[in-house]
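This is final.cif. It holds mmCIF, C-alpha atoms and all ligand atoms.
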data_run
loop_
_atom_site.label_atom_id
_atom_site.label_comp_id
_atom_site.auth_asym_id
_atom_site.auth_seq_id
_atom_site.Cartn_x
_atom_site.Cartn_y
_atom_site.Cartn_z
CA MET A 1 -26.27 14.59 -4.87
CA LYS A 2 -23.73 17.38 -4.41
CA PRO A 3 -20.13 16.18 -4.80
CA ILE A 4 -18.15 15.93 -1.55
CA SER A 5 -14.53 17.05 -1.80
CA LEU A 6 -11.69 15.50 0.20
CA ILE A 7 -11.48 18.70 2.28
CA GLN A 8 -15.19 18.50 3.15
CA PHE A 9 -14.84 14.81 3.96
CA LEU A 10 -11.90 15.57 6.29
CA ILE A 11 -13.95 18.24 8.08
CA GLU A 12 -16.75 15.68 8.55
CA GLU A 13 -14.24 13.16 9.91
CA ARG A 14 -12.96 15.78 12.38
CA ARG A 15 -16.49 16.50 13.55
CA ALA A 16 -17.08 12.74 13.97
CA GLY A 17 -13.95 12.59 16.16
CA HIS A 18 -12.14 10.21 13.76
CA VAL A 19 -9.18 12.57 13.13
CA ASN A 20 -7.66 15.63 14.74
CA ALA A 21 -6.81 18.85 12.93
CA GLU A 22 -3.13 17.97 12.57
CA LEU A 23 -3.76 14.58 10.96
CA SER A 24 -6.41 15.97 8.64
CA LEU A 25 -4.01 18.71 7.48
CA LEU A 26 -1.29 16.13 6.94
CA ILE A 27 -3.59 14.09 4.66
CA GLU A 28 -4.43 17.26 2.70
CA VAL A 29 -0.72 17.91 2.16
CA VAL A 30 -0.06 14.31 1.05
CA ALA A 31 -3.03 14.46 -1.34
CA ARG A 32 -1.75 17.75 -2.80
CA ALA A 33 1.71 16.23 -3.33
CA CYS A 34 0.10 13.24 -5.07
CA LYS A 35 -1.70 15.62 -7.46
CA ARG A 36 1.74 16.90 -8.47
CA ILE A 37 2.99 13.33 -8.95
CA ALA A 38 -0.11 12.66 -11.09
CA VAL A 39 0.80 15.64 -13.29
CA ALA A 40 4.40 14.40 -13.66
CA THR A 41 3.36 10.79 -14.49
CA ASN A 42 0.68 11.98 -16.94
CA LYS A 43 3.18 14.00 -18.97
CA GLY A 44 4.96 10.76 -19.89
CA ALA A 45 7.64 10.97 -22.54
CA ILE A 46 6.98 14.67 -23.33
CA GLY A 47 7.75 15.60 -19.71
CA GLY A 48 11.22 14.04 -20.01
CA VAL A 49 10.45 12.02 -16.88
CA LEU A 50 10.62 8.45 -18.20
CA GLY A 51 13.60 6.11 -17.95
CA GLU A 52 16.28 5.35 -15.42
CA ALA A 53 17.65 7.90 -12.97
CA GLY A 54 21.02 6.13 -13.13
CA THR A 55 21.01 5.60 -9.34
CA GLY A 56 20.03 2.76 -6.99
CA ASN A 57 17.87 2.89 -3.88
CA ILE A 58 18.63 1.37 -0.49
CA GLN A 59 17.23 -2.00 -1.63
CA GLY A 60 19.79 -2.05 -4.47
CA GLU A 61 17.00 -1.56 -7.05
CA ALA A 62 17.52 0.72 -10.06
CA GLN A 63 15.65 4.00 -9.56
CA LYS A 64 13.48 5.47 -12.29
CA LYS A 65 13.54 9.24 -12.79
CA LEU A 66 9.95 9.30 -11.55
CA ASP A 67 10.89 7.42 -8.35
CA VAL A 68 13.31 10.22 -7.52
CA ILE A 69 10.92 13.03 -8.60
CA SER A 70 7.99 11.56 -6.61
CA ASN A 71 10.15 11.12 -3.51
CA GLU A 72 11.29 14.75 -3.71
CA ILE A 73 7.73 16.02 -4.23
CA LEU A 74 6.52 14.19 -1.11
CA LEU A 75 9.49 15.26 1.03
CA GLU A 76 9.29 18.89 -0.01
CA ALA A 77 5.50 19.12 0.43
CA ASN A 78 5.65 17.61 3.90
CA ALA A 79 8.71 19.40 5.31
CA TRP A 80 7.18 22.73 6.28
CA GLY A 81 3.57 21.92 7.25
CA GLY A 82 4.25 21.40 10.96
CA GLN A 83 2.44 18.04 11.29
CA LEU A 84 5.46 15.75 11.05
CA ALA A 85 8.42 14.76 13.18
CA ALA A 86 10.06 12.79 10.32
CA CYS A 87 9.44 10.96 7.02
CA ALA A 88 10.69 7.57 5.85
CA SER A 89 10.65 6.35 2.27
CA GLU A 90 11.43 3.30 0.18
CA GLU A 91 13.96 5.47 -1.62
CA MET A 92 16.02 6.50 1.45
CA GLU A 93 18.05 4.35 3.83
CA ASP A 94 17.33 6.45 6.94
CA PRO A 95 14.39 8.58 8.01
CA GLN A 96 14.52 12.20 6.92
CA PRO A 97 14.19 14.64 9.84
CA ILE A 98 12.12 17.80 9.50
CA PRO A 99 14.54 20.70 8.89
CA ASP A 100 15.11 22.84 12.01
CA MET A 101 13.70 25.96 10.35
CA TYR A 102 10.20 24.41 10.29
CA PRO A 103 7.88 23.56 13.20
CA LYS A 104 7.63 19.87 14.08
CA GLY A 105 4.48 17.85 14.70
CA ASN A 106 3.93 14.50 16.37
CA HIS A 107 3.32 12.29 13.35
CA LEU A 108 5.59 10.00 11.33
CA LEU A 109 4.95 9.54 7.61
CA LEU A 110 6.14 6.51 5.63
CA PHE A 111 5.74 6.17 1.88
CA ASP A 112 6.57 4.27 -1.25
CA PRO A 113 6.57 7.29 -3.58
CA LEU A 114 6.05 5.37 -6.82
CA ASP A 115 5.11 1.73 -6.49
CA GLY A 116 5.22 -0.31 -9.70
CA SER A 117 7.64 2.15 -11.26
CA SER A 118 9.12 -0.53 -13.52
CA ASN A 119 5.74 -0.23 -15.33
CA ILE A 120 5.94 3.52 -15.90
CA ASP A 121 7.79 3.40 -19.22
CA VAL A 122 5.09 1.13 -20.70
CA ASN A 123 2.24 3.38 -19.55
CA ILE A 124 0.73 0.98 -17.02
CA SER A 125 -0.78 2.27 -13.75
CA VAL A 126 1.60 3.11 -10.90
CA GLY A 127 0.88 4.55 -7.47
CA THR A 128 1.93 6.10 -4.16
CA ILE A 129 1.36 4.21 -0.88
CA PHE A 130 1.53 5.91 2.53
CA SER A 131 1.13 5.19 6.23
CA VAL A 132 0.89 7.56 9.21
CA LEU A 133 2.09 6.66 12.72
CA ARG A 134 2.26 8.63 15.95
CA CYS A 135 5.74 9.78 16.97
CA PRO A 136 6.49 8.24 20.39
CA ASP A 137 6.13 10.73 23.27
CA GLY A 138 9.21 12.74 24.11
CA ILE A 139 11.01 11.96 20.82
CA THR A 140 11.97 15.13 18.96
CA ASN A 141 14.47 13.61 16.54
CA PRO A 142 12.98 10.26 15.45
CA LYS A 143 15.28 7.50 14.24
CA ALA A 144 14.38 4.29 12.34
CA GLU A 145 13.62 2.48 15.64
CA HIS A 146 10.78 4.94 16.40
CA PHE A 147 9.03 3.92 13.19
CA LEU A 148 9.07 0.23 14.13
CA GLN A 149 5.47 0.06 15.33
CA ALA A 150 3.04 -2.75 14.48
CA GLY A 151 0.52 -2.01 11.70
CA THR A 152 -2.34 -1.98 14.24
CA THR A 153 -1.02 1.38 15.51
CA GLN A 154 -1.40 3.16 12.12
CA LEU A 155 -3.48 6.34 12.41
CA ALA A 156 -4.12 6.55 8.68
CA ALA A 157 -3.14 4.77 5.48
CA GLY A 158 -3.80 5.36 1.84
CA TYR A 159 -2.72 4.93 -1.73
CA VAL A 160 -3.10 6.93 -4.91
CA VAL A 161 -3.29 5.06 -8.20
CA TYR A 162 -2.20 7.01 -11.28
CA GLY A 163 -4.24 5.19 -13.92
CA PRO A 164 -6.85 6.24 -16.50
CA ALA A 165 -8.19 8.26 -13.53
CA THR A 166 -6.17 9.36 -10.49
CA VAL A 167 -7.82 7.78 -7.46
CA LEU A 168 -7.07 8.17 -3.73
CA VAL A 169 -8.14 5.42 -1.30
CA LEU A 170 -7.97 6.32 2.36
CA THR A 171 -8.67 4.96 5.83
CA PHE A 172 -8.48 6.35 9.36
CA GLY A 173 -9.71 3.08 10.84
CA HIS A 174 -13.38 3.98 10.27
CA GLY A 175 -13.97 2.36 6.90
CA THR A 176 -12.19 2.68 3.56
CA HIS A 177 -13.17 5.47 1.19
CA GLU A 178 -12.33 6.36 -2.40
CA PHE A 179 -11.83 9.78 -4.00
CA THR A 180 -11.40 10.47 -7.72
CA LEU A 181 -9.39 13.44 -8.93
CA ASP A 182 -11.46 15.94 -10.91
CA ARG A 183 -8.66 17.25 -13.11
CA GLU A 184 -10.50 20.39 -14.26
CA VAL A 185 -11.35 21.49 -10.72
CA GLY A 186 -8.16 20.08 -9.20
CA SER A 187 -9.91 18.38 -6.24
CA PHE A 188 -10.34 14.84 -5.06
CA ILE A 189 -14.09 14.05 -4.97
CA LEU A 190 -15.59 11.29 -2.84
CA SER A 191 -16.54 8.52 -5.27
CA ARG A 192 -17.17 5.57 -2.90
CA ARG A 193 -17.85 5.71 0.83
CA ASP A 194 -17.35 2.69 3.06
CA ILE A 195 -16.14 0.25 0.42
CA ARG A 196 -16.89 -3.45 1.08
CA ILE A 197 -14.82 -6.22 -0.51
CA PRO A 198 -16.88 -9.35 -1.26
CA GLU A 199 -15.83 -12.23 1.03
CA GLU A 200 -15.89 -14.76 -1.82
CA THR A 201 -14.04 -14.36 -5.09
CA GLY A 202 -13.10 -16.24 -8.23
CA GLU A 203 -10.14 -13.99 -9.15
CA PHE A 204 -6.54 -14.19 -7.95
CA ALA A 205 -3.30 -12.27 -8.58
CA ILE A 206 0.16 -13.81 -8.29
CA ASN A 207 3.42 -13.81 -10.24
CA MET A 208 3.13 -17.34 -11.67
CA SER A 209 6.69 -17.25 -13.00
CA ASN A 210 7.86 -17.90 -9.42
CA GLN A 211 5.78 -21.08 -9.08
CA ARG A 212 8.69 -23.53 -9.02
CA HIS A 213 10.24 -21.62 -6.08
CA TRP A 214 7.12 -21.55 -3.86
CA GLU A 215 6.65 -23.50 -0.64
CA ALA A 216 4.49 -26.66 -0.71
CA PRO A 217 1.31 -25.06 0.81
CA MET A 218 1.34 -22.32 -1.86
CA GLN A 219 1.82 -24.95 -4.58
CA ARG A 220 -1.17 -26.82 -3.15
CA TYR A 221 -3.40 -23.72 -2.91
CA VAL A 222 -2.72 -22.34 -6.40
CA GLY A 223 -2.74 -25.88 -7.85
CA GLU A 224 -6.31 -26.23 -6.56
CA LEU A 225 -7.34 -22.87 -8.07
CA LEU A 226 -5.86 -23.88 -11.43
CA ALA A 227 -7.67 -27.24 -11.35
CA GLY A 228 -10.92 -25.23 -11.54
CA LYS A 229 -14.34 -26.93 -11.67
CA ASP A 230 -12.86 -30.41 -11.81
CA GLY A 231 -10.56 -29.87 -8.81
CA PRO A 232 -11.23 -29.90 -5.04
CA ARG A 233 -12.53 -26.28 -5.09
CA GLY A 234 -15.27 -27.20 -7.59
CA ARG A 235 -15.19 -23.85 -9.46
CA ASP A 236 -13.15 -22.02 -12.08
CA PHE A 237 -10.83 -19.19 -11.01
CA ASN A 238 -9.52 -16.41 -13.23
CA MET A 239 -6.09 -14.77 -12.95
CA ARG A 240 -5.14 -11.07 -13.18
CA TRP A 241 -1.64 -9.72 -12.50
CA VAL A 242 -0.64 -6.09 -13.20
CA ALA A 243 2.69 -6.17 -11.26
CA SER A 244 1.90 -2.76 -9.75
CA MET A 245 0.65 -3.63 -6.27
CA VAL A 246 -1.47 -0.47 -6.12
CA ALA A 247 -3.31 -1.41 -9.31
CA ASP A 248 -3.80 -5.02 -8.20
CA VAL A 249 -5.09 -3.86 -4.79
CA HIS A 250 -7.36 -1.30 -6.42
CA ARG A 251 -8.98 -4.04 -8.51
CA ILE A 252 -9.60 -6.00 -5.29
CA ILE A 253 -11.04 -2.90 -3.59
CA THR A 254 -13.35 -2.48 -6.57
CA ARG A 255 -14.60 -5.98 -7.37
CA GLY A 256 -12.96 -8.38 -4.91
CA GLY A 257 -10.13 -10.84 -5.49
CA VAL A 258 -6.94 -11.95 -3.80
CA PHE A 259 -3.31 -10.85 -4.17
CA PHE A 260 -0.37 -13.01 -3.10
CA TYR A 261 3.33 -12.30 -2.91
CA PRO A 262 4.38 -15.43 -1.01
CA LEU A 263 7.74 -16.45 0.30
CA ASP A 264 9.76 -18.44 -2.22
CA ALA A 265 13.19 -20.04 -2.38
CA LYS A 266 14.62 -17.07 -4.36
CA ILE A 267 13.61 -14.43 -1.79
CA ARG A 268 13.57 -16.50 1.41
CA ALA A 269 16.78 -14.93 2.75
CA LYS A 270 15.27 -11.42 2.36
CA GLY A 271 12.06 -12.42 4.16
CA GLY A 272 9.78 -11.71 1.19
CA LYS A 273 9.43 -9.30 -1.73
CA LEU A 274 7.21 -6.48 -0.47
CA ARG A 275 8.12 -3.98 2.22
CA LEU A 276 6.24 -4.19 5.52
CA MET A 277 6.26 -0.57 6.68
CA TYR A 278 5.22 1.32 3.54
CA GLU A 279 3.60 -1.33 1.32
CA ALA A 280 2.15 -4.27 3.28
CA ASN A 281 0.96 -2.48 6.44
CA PRO A 282 -0.91 0.41 4.78
CA MET A 283 -2.51 -1.98 2.26
CA ALA A 284 -3.46 -4.41 5.06
CA PHE A 285 -5.11 -1.56 7.02
CA ILE A 286 -7.07 -0.42 3.93
CA ILE A 287 -8.13 -3.99 3.06
CA GLU A 288 -9.22 -4.89 6.62
CA GLN A 289 -11.21 -1.67 6.90
CA ALA A 290 -13.06 -2.73 3.74
CA GLY A 291 -13.95 -6.13 5.23
CA GLY A 292 -11.07 -8.09 3.66
CA ALA A 293 -8.18 -9.96 5.29
CA ALA A 294 -4.39 -9.57 5.15
CA THR A 295 -1.79 -12.05 6.40
CA THR A 296 1.81 -13.11 5.90
CA GLY A 297 0.44 -16.55 5.06
CA ARG A 298 0.98 -17.44 8.71
CA GLN A 299 -0.29 -14.54 10.81
CA ARG A 300 -2.25 -11.31 10.61
CA LEU A 301 0.00 -8.75 8.90
CA LEU A 302 -1.02 -5.83 11.10
CA GLU A 303 0.12 -7.67 14.25
CA LEU A 304 3.65 -8.31 13.03
CA GLN A 305 6.24 -6.52 15.19
CA PRO A 306 8.58 -4.79 12.71
CA THR A 307 12.32 -5.30 13.05
CA GLY A 308 13.59 -3.00 10.31
CA LEU A 309 12.45 0.07 8.37
CA HIS A 310 12.91 -1.71 5.04
CA GLN A 311 11.88 -5.17 6.27
CA ARG A 312 10.30 -7.42 3.63
CA VAL A 313 7.38 -9.79 4.26
CA PRO A 314 5.18 -12.25 2.39
CA VAL A 315 1.77 -10.72 1.60
CA PHE A 316 -1.63 -12.44 1.21
CA LEU A 317 -4.55 -9.99 0.98
CA GLY A 318 -8.05 -9.45 -0.32
CA SER A 319 -11.34 -11.32 -0.14
CA LYS A 320 -11.56 -12.89 3.29
CA HIS A 321 -12.47 -16.45 2.45
CA GLU A 322 -9.59 -17.04 -0.02
CA VAL A 323 -7.00 -15.39 2.26
CA GLU A 324 -8.21 -17.68 5.05
CA VAL A 325 -7.97 -20.83 2.91
CA ALA A 326 -4.41 -20.03 1.72
CA THR A 327 -3.30 -19.06 5.25
CA HIS A 328 -4.86 -22.20 6.71
CA TYR A 329 -2.84 -24.39 4.28
CA HIS A 330 0.41 -22.77 5.50
CA VAL A 331 -0.44 -22.99 9.21
CA GLU A 332 -1.56 -26.62 8.80
CA ALA A 333 1.66 -27.57 6.94
CA ASP A 334 3.78 -25.87 9.65
CA SER A 335 2.04 -27.73 12.48
CA ALA A 336 2.34 -31.06 10.63
CA GLN A 337 6.09 -30.47 10.41
CA ALA A 338 6.49 -29.41 14.06
P1 LIG A 401 8.65 -1.72 -8.61
O1 LIG A 401 8.16 -0.49 -7.85
O2 LIG A 401 10.14 -1.88 -8.54
O3 LIG A 401 8.12 -1.81 -10.01
O4 LIG A 401 8.08 -2.99 -7.81
C1 LIG A 401 6.70 -3.21 -7.77
C2 LIG A 401 6.40 -4.25 -6.76
O5 LIG A 401 6.97 -3.94 -5.53
C3 LIG A 401 4.89 -4.46 -6.60
O6 LIG A 401 4.14 -3.35 -6.95
C4 LIG A 401 4.59 -5.66 -7.48
O7 LIG A 401 3.52 -6.41 -7.02
C5 LIG A 401 5.86 -6.44 -7.42
O8 LIG A 401 6.91 -5.50 -7.18
C6 LIG A 401 6.16 -7.19 -8.69
O9 LIG A 401 7.42 -7.74 -8.60
P2 LIG A 401 7.88 -8.94 -9.56
O10 LIG A 401 7.75 -8.47 -10.98
O11 LIG A 401 9.31 -9.20 -9.14
O12 LIG A 401 7.00 -10.13 -9.27
#
What do you get writing this file as structure tokens?
Amino acid sequence: MKPISLIQFLIEERRAGHVNAELSLLIEVVARACKRIAVATNKGAIGGVLGEAGTGNIQGEAQKKLDVISNEILLEANAWGGQLAACASEEMEDPQPIPDMYPKGNHLLLFDPLDGSSNIDVNISVGTIFSVLRCPDGITNPKAEHFLQAGTTQLAAGYVVYGPATVLVLTFGHGTHEFTLDREVGSFILSRRDIRIPEETGEFAINMSNQRHWEAPMQRYVGELLAGKDGPRGRDFNMRWVASMVADVHRIITRGGVFFYPLDAKIRAKGGKLRLMYEANPMAFIIEQAGGAATTGRQRLLELQPTGLHQRVPVFLGSKHEVEVATHYHVEADSAQA
């Protein structure tokens, strides 16, 4: 079969009425920016891009040089295209308006430019996560409040994983599709259409070092997985944990599994570890469109009404059955306490 490039795929999606011209152009621009980030990450030590930038982001986390470079690449690529009203990023406190010299569009773009960047210096996969929203009608200079839309309103979401291959996974709400970067040709080529995540799985991902801080229902759920064949679940489970959410999610998109970043006593005051607007929501959209489930442990992630641009939430996502079991344990424990 003849390879289908991302551009061809986007034209097909336009013809099918799944995207308009503006949104399809926006995705092309984001994909092009991600190719530049792939080049920068691939250079590694010889590109002089590894190590700390010596600055902190809005969350008070140390920024890597590649966090700053990736953020600039995405901002610069998206400023002039005419599809956006503003961008928001993990690396910036407030949304960045589109400079007055460029035309403005009616979309809002949110991104985590380099997720898992603490892994970059040890040559483990990292990635970019993005989400596209519609700019509310009549708003020409969007502020943070205009981005605070529930995940169900996302027009598109995607991630790019910079691993042994550079892979883009994308949804417009009509299935989840994967594209692999052909480095010689310089194009993303459709490698899997309409991905389906198996509903059952024997593989889970969680940072076990936080176990003593978890809530009782999480202790119960993971305790049962660890008990294996002899426990109440009657089967053995295997654990995988990369600590780059993009890489962990990509494994789930490829062979099933579940990923948890639950609430724990250490992070309770912050609301969770992962960011709702540019990590949890886009991943939840991608996972649901592939037949998986995504919750906060208590409710469907995509239905959560955001209260802040950098809001953090607990995240449970992946193969439907396991997400449902873990969520059920939390809901049941809450109602027993009520
Ligand atoms: P960084 O981008 O700072 O490396 O954070 C990555 C991340 O947000 C997510 O990709 C991982 O799942 C999670 O943090 C791992 O965090 P812990 O090591 O604190 O469990």
Q) What is the CA of Gly116 (chain A) to atom O8 of ligand LIG 401 (chain A) distance in Å? A) 6.0 Å
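As for CA of Gly272 (chain A) and CA of Val323 (chain A), they are spaced 17.2 Å apart.
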Q) Once you count only C-alpha atoms and all ligand atoms, which residues end up within 6 Å of ligand LIG 401 (chain A), and could you hand them over as JSON, numbers by chain? A) {"A": [115, 116, 117, 118, 207, 243, 244, 245, 274]}
Q: Name the closest residue to Gln149 (chain A) among the candidates A:Gln211, A:Arg312, A:Glu288, A:Met277; distances are taken between atoms, counting all atoms listed in the file.
A: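 Of A:Gln211, A:Arg312, A:Glu288, A:Met277, the one nearest Gln149 (chain A), counting all atoms listed in the file, is A:Met277.
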(Q) When you look at region 213-225 of chain A with a cut-off of 8 Å (counting all atoms listed in the file), what residues show up, excluding the ones that are within fewer than 4 positions of it in the same chain? I need them as JSON, numbers by chain. (A) {"A": [231, 232, 233, 236, 237, 262, 263, 264, 265, 266, 325, 326, 329, 330, 333]}
Q. Which one of A:Ala33, A:Ile287, A:Ala38, A:Ala45 sits closest to Ala79 (chain A) if you count all atoms listed in the file?
A.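 Going through A:Ala33, A:Ile287, A:Ala38, A:Ala45 one by one, the smallest distance to Ala79 (chain A) is for A:Ala33.
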Q. Excluding same-chain residues fewer than 3 positions from Thr180 (chain A), what lies within 9 Å of it counting only C-alpha atoms, as a list in words?
A. Ala165, Thr166, Val167, Leu168, Val169, Ser187, Phe188, Ile189, Leu190, Ser191 and Arg192 of chain A
Q: Quick one: pull the distance between CA of Ala53 (chain A) and CA of Ser70 (chain A), Å, one decimal.
A: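 These atoms are spaced 12.1 Å apart.
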Q) Looking at only C-alpha atoms, which of A:Glu12, A:Gly127, A:Leu75, A:Leu110 is the one that sits closest to Thr41 (chain A)? A)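 Of all the options, A:Gly127 lies closest to Thr41 (chain A).
Using only C-alpha atoms, the nearest neighbour of Glu91 (chain A) within the list A:Pro113, A:Pro103, A:Gly292, A:Gly318 is A:Pro113.
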Q: For Gln63 (chain A), work out the shell of residues within 8 Å, counting only C-alpha atoms and skipping chain neighbours fewer than 3 positions away, then give it as a PyMOL selection string.
A: chain A and resi 52-57+67-68
